[in-house]
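A.B. asks: What follows is the file entry-v4.json, containing JSON, C-alpha atoms:
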```
[["chain", "number", "residue", "atom", "x", "y", "z"],
["A", 30, "MET", "CA", 0.00, 0.00, 0.00],
["A", 31, "VAL", "CA", 2.83, 2.40, 0.80],
["A", 32, "LEU", "CA", 4.48, 1.66, -2.54],
["A", 33, "ARG", "CA", 1.20, 2.31, -4.36],
["A", 34, "ASN", "CA", 0.85, 5.72, -2.68],
["A", 35, "LYS", "CA", 4.39, 6.65, -3.72],
["A", 36, "GLN", "CA", 3.79, 5.78, -7.39],
["A", 37, "LEU", "CA", 0.46, 7.54, -7.87],
["A", 38, "PRO", "CA", -0.10, 11.27, -7.64],
["A", 39, "LYS", "CA", -1.67, 12.22, -4.33],
["A", 40, "LEU", "CA", -5.41, 12.47, -4.70],
["A", 41, "ASP", "CA", -7.46, 15.13, -2.96],
["A", 42, "GLN", "CA", -8.68, 13.62, 0.32],
["A", 43, "SER", "CA", -10.93, 16.55, 1.21],
["A", 44, "HIS", "CA", -14.65, 16.37, 1.88],
["A", 45, "ASN", "CA", -15.20, 16.65, -1.87],
["A", 46, "ASN", "CA", -14.60, 12.91, -2.27],
["A", 47, "ASN", "CA", -17.55, 12.17, 0.01],
["A", 48, "PRO", "CA", -20.89, 12.24, -1.78],
["A", 49, "SER", "CA", -23.57, 14.68, -0.67],
["A", 50, "ILE", "CA", -27.23, 13.88, -1.15],
["A", 51, "ILE", "CA", -30.26, 16.10, -0.90],
["A", 52, "TRP", "CA", -33.28, 13.96, -0.12],
["A", 53, "ALA", "CA", -36.01, 15.63, -2.13],
["A", 54, "ILE", "CA", -38.29, 14.66, -4.96],
["A", 55, "PRO", "CA", -36.44, 14.36, -7.25],
["A", 56, "GLU", "CA", -33.14, 13.64, -5.51],
["A", 57, "LEU", "CA", -29.97, 15.67, -5.97],
["A", 58, "ALA", "CA", -26.48, 14.26, -5.35],
["A", 59, "PHE", "CA", -22.95, 15.43, -5.99],
["A", 60, "VAL", "CA", -19.33, 14.52, -5.34],
["A", 61, "GLY", "CA", -16.02, 16.14, -6.22],
["A", 62, "SER", "CA", -15.60, 19.59, -7.69],
["A", 63, "THR", "CA", -18.16, 21.86, -9.26],
["A", 64, "LYS", "CA", -17.13, 23.37, -12.57],
["A", 65, "SER", "CA", -16.34, 26.71, -10.91],
["A", 66, "GLU", "CA", -14.22, 25.02, -8.21],
["A", 67, "ALA", "CA", -12.33, 23.09, -10.87],
["A", 68, "ILE", "CA", -11.71, 26.29, -12.86],
["A", 69, "GLN", "CA", -10.28, 27.91, -9.72],
["A", 70, "SER", "CA", -7.92, 24.93, -9.26],
["A", 71, "TYR", "CA", -6.91, 24.68, -12.92],
["A", 72, "SER", "CA", -8.14, 27.21, -15.48],
["A", 73, "GLU", "CA", -11.18, 27.79, -17.65],
["A", 74, "GLU", "CA", -9.39, 26.33, -20.69],
["A", 75, "GLU", "CA", -8.43, 23.15, -18.82],
["A", 76, "VAL", "CA", -11.89, 22.27, -17.47],
["A", 77, "PHE", "CA", -15.08, 21.27, -19.28],
["A", 78, "SER", "CA", -18.35, 19.60, -18.42],
["A", 79, "VAL", "CA", -20.93, 17.46, -20.17],
["A", 80, "VAL", "CA", -24.52, 16.68, -19.31],
["A", 81, "ALA", "CA", -26.25, 13.39, -20.14],
["A", 82, "SER", "CA", -30.00, 12.97, -19.78],
["A", 83, "PHE", "CA", -31.61, 10.01, -17.99],
["A", 84, "ALA", "CA", -34.16, 10.01, -20.81],
["A", 85, "ASP", "CA", -31.42, 8.88, -23.22],
["A", 86, "THR", "CA", -30.89, 5.59, -21.36],
["A", 87, "ILE", "CA", -32.84, 2.39, -21.96],
["A", 88, "ARG", "CA", -34.18, 2.47, -18.39],
["A", 89, "GLY", "CA", -35.08, 6.12, -18.77],
["A", 90, "ARG", "CA", -37.10, 5.36, -21.88],
["A", 91, "LEU", "CA", -38.82, 2.36, -20.30],
["A", 92, "LYS", "CA", -39.85, 4.41, -17.25],
["A", 93, "ALA", "CA", -40.56, 7.57, -19.28],
["A", 94, "LEU", "CA", -38.26, 9.58, -17.00],
["A", 95, "SER", "CA", -38.27, 13.35, -17.28],
["A", 96, "SER", "CA", -35.81, 14.86, -19.73],
["A", 97, "SER", "CA", -34.85, 17.28, -16.95],
["A", 98, "TYR", "CA", -33.13, 14.47, -15.00],
["A", 99, "PHE", "CA", -29.41, 14.46, -15.73],
["A", 100, "LEU", "CA", -25.88, 13.48, -14.82],
["A", 101, "LYS", "CA", -23.14, 16.08, -15.21],
["A", 102, "LEU", "CA", -19.43, 15.22, -15.38],
["A", 103, "VAL", "CA", -16.80, 17.88, -14.67],
["A", 104, "CYS", "CA", -13.58, 16.85, -16.40],
["A", 105, "LEU", "CA", -10.00, 17.89, -16.97],
["A", 106, "ARG", "CA", -9.29, 18.51, -20.65],
["A", 107, "GLN", "CA", -5.67, 17.35, -20.40],
["A", 108, "ASP", "CA", -6.44, 13.69, -19.70],
["A", 109, "GLY", "CA", -10.22, 13.36, -19.31],
["A", 110, "ARG", "CA", -9.96, 12.88, -15.55],
["A", 111, "ILE", "CA", -13.31, 13.09, -13.80],
["A", 112, "LEU", "CA", -13.18, 15.86, -11.21],
["A", 113, "GLY", "CA", -16.84, 15.97, -10.22],
["A", 114, "VAL", "CA", -20.18, 14.26, -10.69],
["A", 115, "HIS", "CA", -23.56, 15.96, -10.20],
["A", 116, "ILE", "CA", -26.86, 14.10, -10.51],
["A", 117, "TYR", "CA", -30.43, 15.37, -10.51],
["A", 118, "GLY", "CA", -33.26, 12.89, -10.72],
["A", 119, "GLU", "CA", -34.71, 9.59, -9.61],
["A", 120, "GLY", "CA", -32.16, 7.37, -7.90],
["A", 121, "ALA", "CA", -29.46, 10.04, -7.61],
["A", 122, "SER", "CA", -28.72, 8.83, -4.07],
["A", 123, "GLU", "CA", -27.76, 5.41, -5.45],
["A", 124, "LEU", "CA", -26.12, 6.55, -8.67],
["A", 125, "ILE", "CA", -23.70, 8.90, -6.90],
["A", 126, "TYR", "CA", -21.65, 6.10, -5.34],
["A", 127, "LEU", "CA", -20.17, 5.08, -8.68],
["A", 128, "GLY", "CA", -19.31, 8.75, -9.21],
["A", 129, "ALA", "CA", -17.62, 8.91, -5.81],
["A", 130, "SER", "CA", -15.46, 5.94, -6.76],
["A", 131, "LEU", "CA", -14.54, 7.48, -10.12],
["A", 132, "VAL", "CA", -13.55, 10.81, -8.55],
["A", 133, "ALA", "CA", -11.64, 9.27, -5.63],
["A", 134, "ASP", "CA", -9.69, 6.89, -7.89],
["A", 135, "GLY", "CA", -8.85, 9.57, -10.44],
["A", 136, "ASN", "CA", -10.60, 7.71, -13.26],
["A", 137, "THR", "CA", -11.01, 9.23, -16.70],
["A", 138, "VAL", "CA", -13.84, 9.28, -19.21],
["A", 139, "PHE", "CA", -11.73, 6.85, -21.25],
["A", 140, "ASP", "CA", -11.90, 4.33, -18.37],
["A", 141, "LEU", "CA", -15.65, 4.81, -18.16],
["A", 142, "GLN", "CA", -16.38, 4.34, -21.86],
["A", 143, "TYR", "CA", -15.62, 0.60, -21.63],
["A", 144, "LYS", "CA", -17.60, -0.03, -18.46],
["A", 145, "SER", "CA", -20.53, -2.27, -19.15],
["A", 146, "PHE", "CA", -23.60, -2.60, -17.01],
["A", 147, "PRO", "CA", -25.18, -6.06, -16.95],
["A", 148, "ALA", "CA", -28.81, -4.98, -16.67],
["A", 149, "VAL", "CA", -31.11, -2.23, -17.79],
["A", 150, "ILE", "CA", -30.11, 0.26, -15.09],
["A", 151, "LEU", "CA", -29.74, 4.02, -14.96],
["A", 152, "HIS", "CA", -25.96, 3.69, -14.52],
["A", 153, "GLU", "CA", -25.85, 3.66, -18.33],
["A", 154, "VAL", "CA", -26.07, 7.46, -18.04],
["A", 155, "TYR", "CA", -22.42, 7.44, -16.87],
["A", 156, "ARG", "CA", -21.29, 5.78, -20.11],
["A", 157, "ASN", "CA", -23.42, 8.18, -22.16],
["A", 158, "ALA", "CA", -21.79, 11.14, -20.39],
["A", 159, "ALA", "CA", -18.33, 9.64, -20.96],
["A", 160, "MET", "CA", -19.02, 9.31, -24.67],
["A", 161, "LEU", "CA", -20.17, 12.95, -24.82],
["A", 162, "ALA", "CA", -16.97, 13.99, -23.03],
["A", 163, "ILE", "CA", -14.80, 11.99, -25.43],
["A", 164, "ASP", "CA", -16.59, 13.60, -28.38],
["A", 165, "LYS", "CA", -15.89, 17.00, -26.83],
["A", 166, "LEU", "CA", -12.22, 16.15, -26.25],
["A", 167, "SER", "CA", -11.77, 14.90, -29.80],
["A", 168, "GLY", "CA", -13.41, 17.97, -31.30],
["A", 169, "PHE", "CA", -16.18, 15.83, -32.78],
["A", 170, "ALA", "CA", -18.82, 17.74, -30.81],
["A", 171, "ASP", "CA", -17.64, 20.98, -32.45],
["A", 172, "LEU", "CA", -17.92, 19.43, -35.91],
["A", 173, "LEU", "CA", -21.49, 18.36, -35.23],
["A", 174, "ARG", "CA", -22.40, 21.86, -34.06],
["A", 175, "GLU", "CA", -20.99, 23.38, -37.25],
["A", 176, "ALA", "CA", -22.89, 20.98, -39.53]]
```
Output the file's structure as structure tokens, nothing else.

C.D. replies:
Amino acid sequence: MVLRNKQLPKLDQSHNNNPSIIWAIPELAFVGSTKSEAIQSYSEEEVFSVVASFADTIRGRLKALSSSYFLKLVCLRQDGRILGVHIYGEGASELIYLGASLVADGNTVFDLQYKSFPAVILHEVYRNAAMLAIDKLSGFADLLREA
């Protein structure tokens, strides 16, 4: 364990790695940095965010979930590292724990793109957000906007 800590960059162990949940209808949950906090730590050019709708998941379509329910990833442009996760909608209190793991472990959107979920669950929204982030990093999102 000591050797592992020496090899990896020190991760932020602040309260930001602990998920916060607001028990309301619908639920709100977040972990890690907000976009403005990330910009303060890095710069506006180095930070970006993407928003994926629950309605664009299989489970979201089956349950006819509101298009206002979303998952937002705050990422570092340099390597796609996930700095924050913000969720608004049904099941946010359960969905946030994957986000907490991703933020705490310093995972990237590239790690997340290959994650598969064995059932029709809302966690698919994480993969959708990762794919949007990768499109943004590759410049593909800009090409689509211009077309």

A.B. asks: Nearest to Phe83 of chain A: which of A:Leu131, A:Ala67, A:Tyr126, A:Gly120 is it, counting only C-alpha atoms?

C.D. replies: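 Result for the nearest residue to Phe83 of chain A: A:Gly120.
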
A.B. asks: I'd like the neighbourhood of Gln142 of chain A as a PyMOL selection string, where a residue qualifies if any of its atoms comes within 10 Å (using only C-alpha atoms), though same-chain residues fewer than 4 positions away should be ignored.

C.D. replies: chain A and resi 137-138+155-163

A.B. asks: For the atom pair atom CA of Ile50 of chain A and atom CA of Tyr98 of chain A, what is the interatomic distance in Å to one decimal place?

C.D. replies: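 Distance between the two atoms: 15.1 Å.
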
A.B. asks: Select, from A:Ile68, A:Lys144, A:Phe59, A:Ala84, the residue with the minimum atom-to-atom distance to Arg106 of chain A, counting only C-alpha atoms.

C.D. replies: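 Nearest candidate to Arg106 of chain A out of A:Ile68, A:Lys144, A:Phe59, A:Ala84: A:Ile68.
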
A.B. asks: Write out as a PDB file with C-alpha atoms, in the coordinates of the input the residues lying within 12 Å of Gly61 of chain A, counting all atoms listed in the file and excluding same-chain residues fewer than 6 positions away.

C.D. replies:
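Generated output (result14.pdb):
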```
ATOM      1  CA  LEU A  40      -5.410  12.470  -4.700  1.00  0.00           C
ATOM      2  CA  ASP A  41      -7.460  15.130  -2.960  1.00  0.00           C
ATOM      3  CA  GLN A  42      -8.680  13.620   0.320  1.00  0.00           C
ATOM      4  CA  SER A  43     -10.930  16.550   1.210  1.00  0.00           C
ATOM      5  CA  HIS A  44     -14.650  16.370   1.880  1.00  0.00           C
ATOM      6  CA  ASN A  45     -15.200  16.650  -1.870  1.00  0.00           C
ATOM      7  CA  ASN A  46     -14.600  12.910  -2.270  1.00  0.00           C
ATOM      8  CA  ASN A  47     -17.550  12.170   0.010  1.00  0.00           C
ATOM      9  CA  PRO A  48     -20.890  12.240  -1.780  1.00  0.00           C
ATOM     10  CA  SER A  49     -23.570  14.680  -0.670  1.00  0.00           C
ATOM     11  CA  ALA A  67     -12.330  23.090 -10.870  1.00  0.00           C
ATOM     12  CA  LYS A 101     -23.140  16.080 -15.210  1.00  0.00           C
ATOM     13  CA  LEU A 102     -19.430  15.220 -15.380  1.00  0.00           C
ATOM     14  CA  VAL A 103     -16.800  17.880 -14.670  1.00  0.00           C
ATOM     15  CA  CYS A 104     -13.580  16.850 -16.400  1.00  0.00           C
ATOM     16  CA  ARG A 110      -9.960  12.880 -15.550  1.00  0.00           C
ATOM     17  CA  ILE A 111     -13.310  13.090 -13.800  1.00  0.00           C
ATOM     18  CA  LEU A 112     -13.180  15.860 -11.210  1.00  0.00           C
ATOM     19  CA  GLY A 113     -16.840  15.970 -10.220  1.00  0.00           C
ATOM     20  CA  VAL A 114     -20.180  14.260 -10.690  1.00  0.00           C
ATOM     21  CA  HIS A 115     -23.560  15.960 -10.200  1.00  0.00           C
ATOM     22  CA  ILE A 116     -26.860  14.100 -10.510  1.00  0.00           C
ATOM     23  CA  ILE A 125     -23.700   8.900  -6.900  1.00  0.00           C
ATOM     24  CA  TYR A 126     -21.650   6.100  -5.340  1.00  0.00           C
ATOM     25  CA  GLY A 128     -19.310   8.750  -9.210  1.00  0.00           C
ATOM     26  CA  ALA A 129     -17.620   8.910  -5.810  1.00  0.00           C
ATOM     27  CA  SER A 130     -15.460   5.940  -6.760  1.00  0.00           C
ATOM     28  CA  LEU A 131     -14.540   7.480 -10.120  1.00  0.00           C
ATOM     29  CA  VAL A 132     -13.550  10.810  -8.550  1.00  0.00           C
ATOM     30  CA  ALA A 133     -11.640   9.270  -5.630  1.00  0.00           C
ATOM     31  CA  ASP A 134      -9.690   6.890  -7.890  1.00  0.00           C
ATOM     32  CA  GLY A 135      -8.850   9.570 -10.440  1.00  0.00           C
TER      33      GLY A 135
END
```

A.B. asks: Hey, can you check how far atom CA of Ser72 of chain A sits from atom CA of Lys165 of chain A?

C.D. replies: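 One can read the atom CA of Ser72 of chain A to atom CA of Lys165 of chain A distance as 17.1 Å.
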
A.B. asks: Between atom CA of Ile87 of chain A and atom CA of Leu100 of chain A, what is the spacing in Å?

C.D. replies: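 Here the two named atoms are 14.9 Å from each other.
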
A.B. asks: Measuring between all atoms listed in the file, which one of A:Glu73, A:Glu56, A:Asp164, A:Asp85 shows the shortest distance to Glu123 of chain A?

C.D. replies: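 The answer is A:Glu56, which sits nearest to Glu123 of chain A.
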
A.B. asks: From the list A:Ala121, A:Leu127, A:Tyr143, A:Val149, which residue is nearest Ile54 of chain A when using all atoms listed in the file?

C.D. replies: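 The answer is A:Ala121, which sits nearest to Ile54 of chain A.
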
A.B. asks: Please determine, counting only C-alpha atoms, which residue among A:Ser122, A:Gln107, A:Ser95, A:Thr86 has the shortest atom-to-atom distance to Val60 of chain A.

C.D. replies: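 Selected residue with least distance to Val60 of chain A: A:Ser122.
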